[in-house]
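Following: one structure in structure tokens, then a few remarks.
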Amino acid sequence: MEEHLQYWAILKRRWLPTSIVFGLLLALSVVKTVIETPIYQVTGQLVLKKNATSSLTGVGNQLGQLESSVSGRPLGTEVAVLRSLPLAERTLNALHLNLQPLVFLNELQVKNLLDTDIIELDYTDTDPRKAASIINTLMKVYIENDINANRAQTRSARDFIAQQLPLTKAALQAAEQKLQYFKQQNRVLDLKAEASSSVSILTDLDRQVAATRSDLASQTARMESIQKIFGMSSQEAVVAGFVGESPSTSLVLGQLQDIQQKIQVIGLSLTDTHPTIINLKEQEIVLKKELQRQIKQSFIGNAGRLNQSTNPERIVQLRGQGLQQGLLGNYASAEAERLSLQVRLKALAEIIKSYRERANTLPQLELQQRQLEREIAATEFSYQNLLARYQELQVAENLQVSNALVVTPALIPGIPIKSRQYINLLQGLISGLVLGGATAFILEKLDKTIKTSKSARDLLDYTLLGYIPPFSNGNPIPEVIVKDKPNSPVSEAFRMLQTNLRVFNSEQPIKVIVVSSAVPKEGKSTIAANLAVSMSQLGRKVLLVDADLRNPSQHKIWEIPNEFGLSHVLRSQSDLESAVSEVVSNLEVLTAGELNNNPAALLDSSQMAVFVGQVALKYDFVIIDTPPLTLAADATILGKLANGILFVVRPGVADADSISLSKDMLEKAGQNVLGIAINGIQASQQYSDYTMSKV
């Protein structure tokens with residue numbers, strides 16, 4: 001609060017220069033507004049679209065996609081692009097304007113409308129057509145730049161995919177060749193179908209083995225029964241050659257085994273009506289007949305051995321019965337069938353072994369095949385995806401799609417804007433206030449004088465006897481206001497001063513008072529004159545002595561002659577009664593008299609001491625007007641002869657250094673300071689000082 005009051009006090013003290021600066025700047029702004037060339041403002045609007053193109057990468061990235069967010073960063077980025085130096089240069093070059101880009105950008109305003117995807121561009125210029133062309137060209141350049149940026153991004157993505165396509169295709173071909181080699185090496189067609197069919201095939205083969213064994217047992221039993229008829233044992237049948245151990249028989253058996261094995265293997269995948277199966281079965285029948293023939297020949301070739309080893313009676317019996325030839329045929333047929341069944345069992349065993357070995361390898365083969373198929377599927381998916389993206393990029397590159405669209409083109413304005421006029425006046429008003437205040441504070445800073453009564457009291461630390469308001473009659477010589485206007489507030493202030501002078505110094509009789517100040521122009525002589533009148537109005541006999549022998553002023557104040565005065569009395573050139581002049585009732589004035597080359601010696605003489613003693617006895621009060629303390633030592637000389645010194649201070653005239661020096665001189669001289677009278681202080685300033693002292 002105290003600081004604010006101090007600022008206000010400074011502005012009040014410096015109101016004249018502050019008002020001059022403020023008025024001058026305001027007048028300049030008015031003149032500028034009047035003579036300024038009309039300014040036109042044009043506006044254009046762009047809308048920023050989302051999802052301008054389809055996805056190009058398949059992972060959700062949109063080419064040139066702008067997404068508004070809470071922070072508004074993407075839109076803010078586009079605002080910065082519109083205000084960028086490259087776009088400004090391209091715009092100016094397109095219009096062939098000889099304008100600096102920075103100057104152009106200074107007049108360009110770009111902003112995002114709140115809660116929208118619209119960007120507004122404003123430009124001001126003295127030429128409305130030029131301003132409209134600039135905004136429209138800038139929006140066109142921005143859209144072209146956006147298209148080029150999108151196309152460059154698309155081209156870059158397309159080039160990258162074009163590099164990846166051959167590599168991915170080669171990887172796909174390598175994976176397919178790897179699977180093909182795997183199937184060829186392992187004879188793989190359909191592992192799942194093969195696995196499911198292997199169970200039924202093995203079951204069927206087991207059934208065939210069981211049936212073949214049953215047939216083999218039947219044929220073996222048949223042979224044994226024939227052998228009993230012949231009365232031969234198994235060993236005898238072998239000896240007789242019934243087992244068919246000739247090379248030709250072995251050859252036929254080998255061929256029969258191959259044919260039967262082929263029938264079993266091919267029959268697993270072909271029906272019985274298939275030509276291949278029919279042909280193989282026909283070959284099987286021929287081989288079986290050939291086997292029977294070979295057995296018969298072998299048996300006949302060994303007939304002698306049979307007759308020798310067989311019971312002759314049994315042979316005669318067989319021959320007699322006519323059965324030998326039929327039994328031999330049956331025996332040969334049974335032997336051939338038995339050998340064929342043995343071959344069939346051997347072929348079935350080899351086939352079953354082969355299928356079981358194959359079935360055991362199927363899980364591992366299926367696992368390897370799935371791995372190879374997954375590798376092909378993944379590679380093919382990547383290849384197809386890249387190929388699709390490549391085609392999309394080729395289309396997108398030729399679309400020339402922009403994320404921005406002109407919503408409102410810039411139109412040529414018909415009337416200039418008025419806001420610039422208000423801006424000029426506002427600038428003048430603000431500048432006037434700022435510079436006016438700055439002027440006041442700079443002057444205050446340069447002015448070393450004290451500004452308030454509080455500052456004076458703080459520096460002197462003496463008793464405050466009264467405030468004297470400023471007064472003037474407009475003449476160079478101050479008026480004696482107590483005499484001329486006894487009922488005025490100023491006269492009342494002097495009466496309060498003389499009352500306080502006596503009240504605050506009641507412990508000692510006050511008869512002789514020296515009035516002085518720190519520097520000239522503080523009004524000490526005027527205060528001495530009015531204080532003398534105020535005392536005389538109380539009916540006291542008062543003498544006012546002008547002891548300023550260097551620059552006397554009391555004769556001017558009272559408009560009386562200065563032919564004889566204090567200097568004449570001290571040199572005994574005139575007596576006191578002849579030198580004094582009665583100016584009002586009970587008040588006489590002793591002027592300074594002629595100037596002296598050494599006034600300090602004259603005032604410090606014994607004659608002065610005798611003079612002070614005489615007038616103290618003759619008058620009730622003696623008031624002595626002396627020079628300022630910083631100019632001469634007269635006040636300190638006379639202060640020793642008087643009851644005390646009344647120190648006059650005028651804020652705005654006296655500076656802190658002079659006041660401090662005066663106080664130091666008074667203290668070193670051992671002067672009795674009766675108090676201080678603060679001159680030139682308004683009543684409102686008194687209250688302000690009081691308020692600030694209480695804060």
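Within each chain, counting starts at residue 1; across the structure tokens, chains are named A, B, ... in the order shown, with ligands numbered 1 upward in that order.
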
For stretch 659-673 of chain A, list every protein, DNA or RNA residue within 6 Å, evaluated using only C-alpha atoms, and leave out those in the same chain fewer than 3 positions away; present the list as number ranges by chain. A: 518, 629, 644-645, 656

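Remark: for A:Lys289, the closest of the candidate residues A:Asp258, A:Glu492, A:Glu176, A:Glu337 is A:Glu337 (distances computed over only C-alpha atoms).
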
List every residue of stretch 584-683 of chain A that DSSP, applied to the backbone of this structure, places in strand (DSSP E or B), and write the result as an MDAnalysis selection string. chainID A and resid 584 587:590 621:625 644:649 651 654:655 673:679

Preceding selection exported with C-alpha atoms as a PDB file, in the first residue's frame:
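out11.pdb written:
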```pdb
ATOM      1  CA  VAL A 584       2.430  46.942  11.452  1.00  0.00           C
ATOM      2  CA  LEU A 587       6.142  44.917  14.697  1.00  0.00           C
ATOM      3  CA  GLU A 588       9.327  46.716  13.707  1.00  0.00           C
ATOM      4  CA  VAL A 589      11.742  45.624  10.988  1.00  0.00           C
ATOM      5  CA  LEU A 590      15.515  46.180  10.962  1.00  0.00           C
ATOM      6  CA  PHE A 621      10.307  38.489  20.571  1.00  0.00           C
ATOM      7  CA  VAL A 622      13.233  38.977  18.232  1.00  0.00           C
ATOM      8  CA  ILE A 623      13.225  37.020  14.949  1.00  0.00           C
ATOM      9  CA  ILE A 624      16.504  36.988  12.995  1.00  0.00           C
ATOM     10  CA  ASP A 625      16.479  36.039   9.278  1.00  0.00           C
ATOM     11  CA  GLY A 644      17.433  28.531  19.286  1.00  0.00           C
ATOM     12  CA  ILE A 645      17.095  28.020  15.571  1.00  0.00           C
ATOM     13  CA  LEU A 646      13.908  27.415  13.595  1.00  0.00           C
ATOM     14  CA  PHE A 647      14.855  25.183  10.639  1.00  0.00           C
ATOM     15  CA  VAL A 648      12.774  25.678   7.492  1.00  0.00           C
ATOM     16  CA  VAL A 649      12.496  22.822   4.973  1.00  0.00           C
ATOM     17  CA  PRO A 651      10.240  19.510  -0.132  1.00  0.00           C
ATOM     18  CA  ALA A 654      16.127  20.973  -0.535  1.00  0.00           C
ATOM     19  CA  ASP A 655      18.026  17.795  -1.276  1.00  0.00           C
ATOM     20  CA  VAL A 673      17.186  23.545  17.230  1.00  0.00           C
ATOM     21  CA  LEU A 674      13.719  24.568  18.329  1.00  0.00           C
ATOM     22  CA  GLY A 675      12.089  22.495  15.570  1.00  0.00           C
ATOM     23  CA  ILE A 676      11.334  22.419  11.885  1.00  0.00           C
ATOM     24  CA  ALA A 677       8.714  24.155   9.794  1.00  0.00           C
ATOM     25  CA  ILE A 678       7.856  22.371   6.545  1.00  0.00           C
ATOM     26  CA  ASN A 679       6.982  24.874   3.855  1.00  0.00           C
TER      27      ASN A 679
END
```

What separation in Å, quoted to one decimal, exists between atom CA of A:Val610 and atom CA of A:Ser536?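 About the pair atom CA of A:Val610 and atom CA of A:Ser536: they are 23.9 Å apart.
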
Nearby residues (only C-alpha atoms) at most 6 Å from A:Ile119, same-chain spacing under 3 positions excluded, as a ChimeraX atom specification: /A:45-46,111-112

Convert the current residue selection to file output with N, CA and C atoms, as an mmCIF file, in the first residue's frame.
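Below you can see part_39.cif, which holds the result:
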```cif
data_model
loop_
_atom_site.group_PDB
_atom_site.id
_atom_site.type_symbol
_atom_site.label_atom_id
_atom_site.label_comp_id
_atom_site.auth_asym_id
_atom_site.auth_seq_id
_atom_site.Cartn_x
_atom_site.Cartn_y
_atom_site.Cartn_z
ATOM 1 N N GLN A 45 -9.929 -19.739 -45.840
ATOM 2 C CA GLN A 45 -10.035 -20.857 -44.904
ATOM 3 C C GLN A 45 -9.738 -22.172 -45.614
ATOM 4 N N LEU A 46 -8.994 -23.025 -44.918
ATOM 5 C CA LEU A 46 -8.673 -24.374 -45.374
ATOM 6 C C LEU A 46 -9.236 -25.377 -44.377
ATOM 7 N N LYS A 111 -4.318 -19.248 -37.953
ATOM 8 C CA LYS A 111 -4.830 -19.782 -36.686
ATOM 9 C C LYS A 111 -5.805 -20.915 -36.958
ATOM 10 N N ASN A 112 -5.937 -21.777 -35.972
ATOM 11 C CA ASN A 112 -6.881 -22.891 -36.041
ATOM 12 C C ASN A 112 -8.165 -22.497 -35.312
#
```

Just the residues within 10 Å of A:Thr154, please, counting only C-alpha atoms, with nothing from its chain fewer than 2 positions along; format it as a list in words. Leu56, Leu63, Gly64, Asn148, Ala149, Asn150, Arg151, Ala152, Ser156, Ala157, Arg158, Asp159, Phe160, Tyr390, Glu392, Leu393, Gln394, Val395, Ala396, Glu397 and Asn398 of chain A

Since we have the selection now, will you write its residues out, keeping N, CA and C atoms, as a PDB file, in the first residue's frame?
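Once everything was written out, this is again.pdb:
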```pdb
ATOM      1  N   LEU A  56      -1.789 -47.909 -46.950  1.00  0.00           N
ATOM      2  CA  LEU A  56      -0.764 -48.320 -47.900  1.00  0.00           C
ATOM      3  C   LEU A  56       0.166 -49.371 -47.339  1.00  0.00           C
ATOM      4  N   LEU A  63      -1.860 -42.594 -45.325  1.00  0.00           N
ATOM      5  CA  LEU A  63      -1.012 -41.624 -45.997  1.00  0.00           C
ATOM      6  C   LEU A  63      -1.550 -40.220 -45.765  1.00  0.00           C
ATOM      7  N   GLY A  64      -0.729 -39.390 -45.149  1.00  0.00           N
ATOM      8  CA  GLY A  64      -1.119 -38.017 -44.904  1.00  0.00           C
ATOM      9  C   GLY A  64      -2.246 -37.863 -43.929  1.00  0.00           C
ATOM     10  N   ASN A 148       2.621 -33.048 -53.249  1.00  0.00           N
ATOM     11  CA  ASN A 148       3.983 -33.516 -53.544  1.00  0.00           C
ATOM     12  C   ASN A 148       4.551 -34.324 -52.389  1.00  0.00           C
ATOM     13  N   ALA A 149       4.244 -33.882 -51.184  1.00  0.00           N
ATOM     14  CA  ALA A 149       4.736 -34.628 -50.019  1.00  0.00           C
ATOM     15  C   ALA A 149       4.098 -36.011 -49.951  1.00  0.00           C
ATOM     16  N   ASN A 150       2.779 -36.067 -50.237  1.00  0.00           N
ATOM     17  CA  ASN A 150       2.100 -37.362 -50.232  1.00  0.00           C
ATOM     18  C   ASN A 150       2.642 -38.281 -51.333  1.00  0.00           C
ATOM     19  N   ARG A 151       2.852 -37.704 -52.511  1.00  0.00           N
ATOM     20  CA  ARG A 151       3.372 -38.509 -53.614  1.00  0.00           C
ATOM     21  C   ARG A 151       4.790 -38.983 -53.330  1.00  0.00           C
ATOM     22  N   ALA A 152       5.589 -38.122 -52.711  1.00  0.00           N
ATOM     23  CA  ALA A 152       6.950 -38.532 -52.375  1.00  0.00           C
ATOM     24  C   ALA A 152       6.936 -39.664 -51.358  1.00  0.00           C
ATOM     25  N   SER A 156       8.270 -43.395 -52.178  1.00  0.00           N
ATOM     26  CA  SER A 156       9.276 -44.025 -51.328  1.00  0.00           C
ATOM     27  C   SER A 156       8.819 -45.402 -50.858  1.00  0.00           C
ATOM     28  N   ALA A 157       7.534 -45.509 -50.484  1.00  0.00           N
ATOM     29  CA  ALA A 157       7.009 -46.806 -50.051  1.00  0.00           C
ATOM     30  C   ALA A 157       6.972 -47.797 -51.215  1.00  0.00           C
ATOM     31  N   ARG A 158       6.599 -47.285 -52.404  1.00  0.00           N
ATOM     32  CA  ARG A 158       6.540 -48.170 -53.574  1.00  0.00           C
ATOM     33  C   ARG A 158       7.935 -48.689 -53.938  1.00  0.00           C
ATOM     34  N   ASP A 159       8.921 -47.808 -53.904  1.00  0.00           N
ATOM     35  CA  ASP A 159      10.284 -48.237 -54.219  1.00  0.00           C
ATOM     36  C   ASP A 159      10.776 -49.291 -53.239  1.00  0.00           C
ATOM     37  N   PHE A 160      10.432 -49.116 -51.996  1.00  0.00           N
ATOM     38  CA  PHE A 160      10.853 -50.096 -50.988  1.00  0.00           C
ATOM     39  C   PHE A 160      10.203 -51.460 -51.254  1.00  0.00           C
ATOM     40  N   TYR A 390       1.852 -52.940 -53.527  1.00  0.00           N
ATOM     41  CA  TYR A 390       2.559 -52.315 -54.643  1.00  0.00           C
ATOM     42  C   TYR A 390       1.566 -51.779 -55.671  1.00  0.00           C
ATOM     43  N   GLU A 392      -1.577 -50.943 -55.042  1.00  0.00           N
ATOM     44  CA  GLU A 392      -2.279 -49.819 -54.423  1.00  0.00           C
ATOM     45  C   GLU A 392      -1.430 -48.557 -54.476  1.00  0.00           C
ATOM     46  N   LEU A 393      -0.131 -48.713 -54.239  1.00  0.00           N
ATOM     47  CA  LEU A 393       0.763 -47.558 -54.262  1.00  0.00           C
ATOM     48  C   LEU A 393       0.858 -46.959 -55.657  1.00  0.00           C
ATOM     49  N   GLN A 394       0.852 -47.810 -56.659  1.00  0.00           N
ATOM     50  CA  GLN A 394       0.873 -47.304 -58.027  1.00  0.00           C
ATOM     51  C   GLN A 394      -0.360 -46.464 -58.319  1.00  0.00           C
ATOM     52  N   VAL A 395      -1.515 -46.919 -57.813  1.00  0.00           N
ATOM     53  CA  VAL A 395      -2.748 -46.151 -58.010  1.00  0.00           C
ATOM     54  C   VAL A 395      -2.712 -44.867 -57.196  1.00  0.00           C
ATOM     55  N   ALA A 396      -2.283 -44.968 -55.920  1.00  0.00           N
ATOM     56  CA  ALA A 396      -2.279 -43.800 -55.032  1.00  0.00           C
ATOM     57  C   ALA A 396      -1.327 -42.724 -55.525  1.00  0.00           C
ATOM     58  N   GLU A 397      -0.239 -43.139 -56.165  1.00  0.00           N
ATOM     59  CA  GLU A 397       0.746 -42.160 -56.628  1.00  0.00           C
ATOM     60  C   GLU A 397       0.180 -41.261 -57.717  1.00  0.00           C
ATOM     61  N   ASN A 398      -0.778 -41.780 -58.451  1.00  0.00           N
ATOM     62  CA  ASN A 398      -1.367 -41.015 -59.545  1.00  0.00           C
ATOM     63  C   ASN A 398      -2.650 -40.296 -59.158  1.00  0.00           C
TER      64      ASN A 398
END
```

Can you pull out every residue from stretch 377-406 of chain A that DSSP, working from the backbone, puts in helix (DSSP H, G or I), and format the result as a PDB file with N, CA and C atoms, in the first residue's frame?
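Output contents, as saved in result-v3.pdb:
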```pdb
ATOM      1  N   ALA A 377       3.251 -71.084 -46.920  1.00  0.00           N
ATOM      2  CA  ALA A 377       2.071 -70.230 -46.692  1.00  0.00           C
ATOM      3  C   ALA A 377       2.485 -68.844 -46.205  1.00  0.00           C
ATOM      4  N   ALA A 378       3.428 -68.795 -45.266  1.00  0.00           N
ATOM      5  CA  ALA A 378       3.874 -67.498 -44.740  1.00  0.00           C
ATOM      6  C   ALA A 378       4.552 -66.681 -45.825  1.00  0.00           C
ATOM      7  N   THR A 379       5.406 -67.326 -46.582  1.00  0.00           N
ATOM      8  CA  THR A 379       6.108 -66.605 -47.649  1.00  0.00           C
ATOM      9  C   THR A 379       5.140 -66.145 -48.728  1.00  0.00           C
ATOM     10  N   GLU A 380       4.177 -67.001 -49.061  1.00  0.00           N
ATOM     11  CA  GLU A 380       3.201 -66.623 -50.080  1.00  0.00           C
ATOM     12  C   GLU A 380       2.311 -65.481 -49.599  1.00  0.00           C
ATOM     13  N   PHE A 381       1.933 -65.498 -48.307  1.00  0.00           N
ATOM     14  CA  PHE A 381       1.124 -64.400 -47.764  1.00  0.00           C
ATOM     15  C   PHE A 381       1.885 -63.078 -47.855  1.00  0.00           C
ATOM     16  N   SER A 382       3.169 -63.108 -47.464  1.00  0.00           N
ATOM     17  CA  SER A 382       3.979 -61.886 -47.549  1.00  0.00           C
ATOM     18  C   SER A 382       4.092 -61.414 -48.984  1.00  0.00           C
ATOM     19  N   TYR A 383       4.287 -62.345 -49.883  1.00  0.00           N
ATOM     20  CA  TYR A 383       4.439 -61.972 -51.293  1.00  0.00           C
ATOM     21  C   TYR A 383       3.136 -61.380 -51.843  1.00  0.00           C
ATOM     22  N   GLN A 384       2.010 -62.036 -51.561  1.00  0.00           N
ATOM     23  CA  GLN A 384       0.727 -61.529 -52.047  1.00  0.00           C
ATOM     24  C   GLN A 384       0.399 -60.168 -51.436  1.00  0.00           C
ATOM     25  N   ASN A 385       0.724 -60.000 -50.143  1.00  0.00           N
ATOM     26  CA  ASN A 385       0.460 -58.731 -49.468  1.00  0.00           C
ATOM     27  C   ASN A 385       1.302 -57.611 -50.074  1.00  0.00           C
ATOM     28  N   LEU A 386       2.582 -57.887 -50.287  1.00  0.00           N
ATOM     29  CA  LEU A 386       3.453 -56.888 -50.903  1.00  0.00           C
ATOM     30  C   LEU A 386       2.998 -56.565 -52.322  1.00  0.00           C
ATOM     31  N   LEU A 387       2.587 -57.580 -53.056  1.00  0.00           N
ATOM     32  CA  LEU A 387       2.126 -57.345 -54.423  1.00  0.00           C
ATOM     33  C   LEU A 387       0.876 -56.471 -54.444  1.00  0.00           C
ATOM     34  N   ALA A 388      -0.055 -56.743 -53.504  1.00  0.00           N
ATOM     35  CA  ALA A 388      -1.277 -55.923 -53.428  1.00  0.00           C
ATOM     36  C   ALA A 388      -0.940 -54.484 -53.039  1.00  0.00           C
ATOM     37  N   ARG A 389      -0.024 -54.318 -52.067  1.00  0.00           N
ATOM     38  CA  ARG A 389       0.364 -52.969 -51.640  1.00  0.00           C
ATOM     39  C   ARG A 389       1.059 -52.217 -52.778  1.00  0.00           C
ATOM     40  N   TYR A 390       1.852 -52.940 -53.527  1.00  0.00           N
ATOM     41  CA  TYR A 390       2.559 -52.315 -54.643  1.00  0.00           C
ATOM     42  C   TYR A 390       1.566 -51.779 -55.671  1.00  0.00           C
ATOM     43  N   GLN A 391       0.528 -52.563 -55.948  1.00  0.00           N
ATOM     44  CA  GLN A 391      -0.490 -52.113 -56.902  1.00  0.00           C
ATOM     45  C   GLN A 391      -1.264 -50.920 -56.350  1.00  0.00           C
ATOM     46  N   GLU A 392      -1.577 -50.943 -55.042  1.00  0.00           N
ATOM     47  CA  GLU A 392      -2.279 -49.819 -54.423  1.00  0.00           C
ATOM     48  C   GLU A 392      -1.430 -48.557 -54.476  1.00  0.00           C
ATOM     49  N   LEU A 393      -0.131 -48.713 -54.239  1.00  0.00           N
ATOM     50  CA  LEU A 393       0.763 -47.558 -54.262  1.00  0.00           C
ATOM     51  C   LEU A 393       0.858 -46.959 -55.657  1.00  0.00           C
ATOM     52  N   GLN A 394       0.852 -47.810 -56.659  1.00  0.00           N
ATOM     53  CA  GLN A 394       0.873 -47.304 -58.027  1.00  0.00           C
ATOM     54  C   GLN A 394      -0.360 -46.464 -58.319  1.00  0.00           C
ATOM     55  N   VAL A 395      -1.515 -46.919 -57.813  1.00  0.00           N
ATOM     56  CA  VAL A 395      -2.748 -46.151 -58.010  1.00  0.00           C
ATOM     57  C   VAL A 395      -2.712 -44.867 -57.196  1.00  0.00           C
ATOM     58  N   ALA A 396      -2.283 -44.968 -55.920  1.00  0.00           N
ATOM     59  CA  ALA A 396      -2.279 -43.800 -55.032  1.00  0.00           C
ATOM     60  C   ALA A 396      -1.327 -42.724 -55.525  1.00  0.00           C
ATOM     61  N   GLU A 397      -0.239 -43.139 -56.165  1.00  0.00           N
ATOM     62  CA  GLU A 397       0.746 -42.160 -56.628  1.00  0.00           C
ATOM     63  C   GLU A 397       0.180 -41.261 -57.717  1.00  0.00           C
TER      64      GLU A 397
END
```

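Straight-line separation from atom CA of A:Ala347 to atom CA of A:Gln255: 11.8 Å.
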
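With distances restricted to only C-alpha atoms, A:Ser567 is the closest residue to A:Leu595 from A:Ser567, A:Ser574, A:Gln41, A:Gln498.
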
Do you have the atom CA of A:Leu638-atom CA of A:Leu497 distance handy?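 So the answer is 21.5 Å.
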
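Contact shell of A:Leu205 at 8 Å (only C-alpha atoms; same-chain neighbours under 4 positions omitted): Ile201, Val209, Leu348 and Ile352 of chain A.
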
Produce a file of the selected residues containing N, CA and C atoms, as a PDB file, in the first residue's frame.
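As written to disk, result-v1.pdb reads:
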```
ATOM      1  N   ILE A 201      -5.522-101.263 -45.272  1.00  0.00           N
ATOM      2  CA  ILE A 201      -4.694-102.139 -46.115  1.00  0.00           C
ATOM      3  C   ILE A 201      -4.054-103.237 -45.280  1.00  0.00           C
ATOM      4  N   VAL A 209      -3.534-113.111 -45.352  1.00  0.00           N
ATOM      5  CA  VAL A 209      -2.549-114.053 -44.789  1.00  0.00           C
ATOM      6  C   VAL A 209      -3.259-115.203 -44.092  1.00  0.00           C
ATOM      7  N   LEU A 348       2.982-111.801 -49.220  1.00  0.00           N
ATOM      8  CA  LEU A 348       2.180-111.001 -48.277  1.00  0.00           C
ATOM      9  C   LEU A 348       3.016-110.532 -47.092  1.00  0.00           C
ATOM     10  N   ILE A 352       3.439-106.677 -46.048  1.00  0.00           N
ATOM     11  CA  ILE A 352       3.056-106.197 -44.700  1.00  0.00           C
ATOM     12  C   ILE A 352       4.232-105.512 -44.033  1.00  0.00           C
TER      13      ILE A 352
END
```

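Nearest to A:Leu617 of all the residues A:Val542, A:Ser605, A:Leu256, A:Glu582 is A:Val542, counting only C-alpha atoms.
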
Excluding same-chain residues fewer than 2 positions from A:Ala609, what lies within 12 Å of it counting only C-alpha atoms, as a VMD selection string? chain A and resid 512 570 602 to 607 611 to 616 637 to 642
